[in-house]
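Engineer: This structure is in structure tokens; I'll ask about it shortly.
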Amino acid sequence: MQLIKPQESHLLEMMAWFSSEDELNEWSGPNFRYPYDLSSFSEDLKLDSLNSFSLVSDNNEFCAFGQYYLRLGRCHLGRLIVNPKFRGKGIASQLMRSICDLGLLQLKVKECSLFVLSHNEKAIKAYEKFGFSFAEYPEEITLENCLYMIKP
């Protein structure tokens, strides 16, 4: 498995993973347009300003996507998603490990963080298994039912 720059084919495939605005917003957070096209989807991902990666298999299969950026002195992970046909196979851990390793090194920080919605039990379980734990966020979280997690 390796992280690569997201390809147009990856974005088109990801666009098909969301069947409603609610599903999209659960993953993307606020301010993501729906319905979308390739142009708006790419713009709303902020591919030019956020470190964005596709995780591909040794056979070049698109397995997952994720982003990171510096937030409050931590490598903050965002928009993590595993290809539906690869879910339940440990891909989320591989994605987080790869993105955390790269982000910690590049940003020169020692911890990672992320946001997750309280009802997203599968994601919470994956994050906890990877070593994330709940923490108080030092600012107001404007998104309802949003939790903050960190990993030392």
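In the structure tokens, the first chain shown is A, the next is B, and so on; residue numbers restart at 1 for each chain, and ligands run from 1 in the order shown.
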Show which residues sit within 7 Å of segment 75-84 of chain A, as a PyMOL selection string. Count only C-alpha atoms, and ignore same-chain residues fewer than 5 positions away.
Structural biologist: chain A and resi 27-28+63-70+91-92+103-104+107+109+111-114
Engineer: DSSP on the backbone, strand (DSSP E) only: what residues of segment 14-122 of chain A does that give? Format it as a VMD selection string.
Structural biologist: chain A and resid 51 to 56 62 to 71 74 to 82 112 to 117
Engineer: Between atom CA of Lys46 of chain A and atom CA of Lys125 of chain A, what is the distance, to one decimal in Å?
Structural biologist: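 Atom CA of Lys125 of chain A lies 27.3 Å from atom CA of Lys46 of chain A.
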Engineer: Counting only C-alpha atoms, figure out which residue out of A:Ser52, A:Ser20, A:Asn25, A:Ser40 gets nearest to Gln7 of chain A.
Structural biologist: A:Ser52
Engineer: Near Pro138 of chain A, counting only C-alpha atoms, which residues have an atom at most 10 Å away, once you skip same-chain residues fewer than 3 positions from it, shown as a ChimeraX atom specification?
Structural biologist: /A:72,135,141,148
Engineer: When you count only C-alpha atoms, which of these residues is closest to Glu23 of chain A: A:Val56, A:Cys146, A:Leu117, A:Cys100?
Structural biologist: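 Using only C-alpha atoms, Glu23 of chain A sits closest to A:Leu117.
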Engineer: Between A:Ser49, A:Gln94, A:Gln106, A:Ser54, single out the one closest to His10 of chain A, counting only C-alpha atoms.
Structural biologist: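 Looking only at the distances to His10 of chain A, the closest residue turns out to be A:Ser54.
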Engineer: Write out as a ChimeraX atom specification each polymer residue whose atoms come within 12 Å of Tyr36 of chain A, counting only C-alpha atoms; drop sequence neighbours fewer than 5 positions from it.
Structural biologist: /A:11-12,14-16,18-21,24,31,41-45
Engineer: Neighbours of Asn145 of chain A within 9 Å (only C-alpha atoms; same-chain residues fewer than 6 positions away dropped), as number ranges by chain?
Structural biologist: A: 116-119
Engineer: One decimal, Å: what's the distance from atom CA of Gly131 of chain A over to atom CA of Ser93 of chain A, could you say?
Structural biologist: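 Distance between the two atoms: 10.0 Å.
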Engineer: I need the helix (DSSP H, G or I) residues of segment 37-127 of chain A per DSSP on the backbone, written as a VMD selection string.
Structural biologist: chain A and resid 38 to 45 84 to 86 91 to 107 121 to 127
Engineer: To one decimal place in Å, what is the distance between atom CA of Leu50 of chain A and atom CA of Arg33 of chain A?
Structural biologist: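 About the pair atom CA of Leu50 of chain A and atom CA of Arg33 of chain A: they are 17.6 Å apart.
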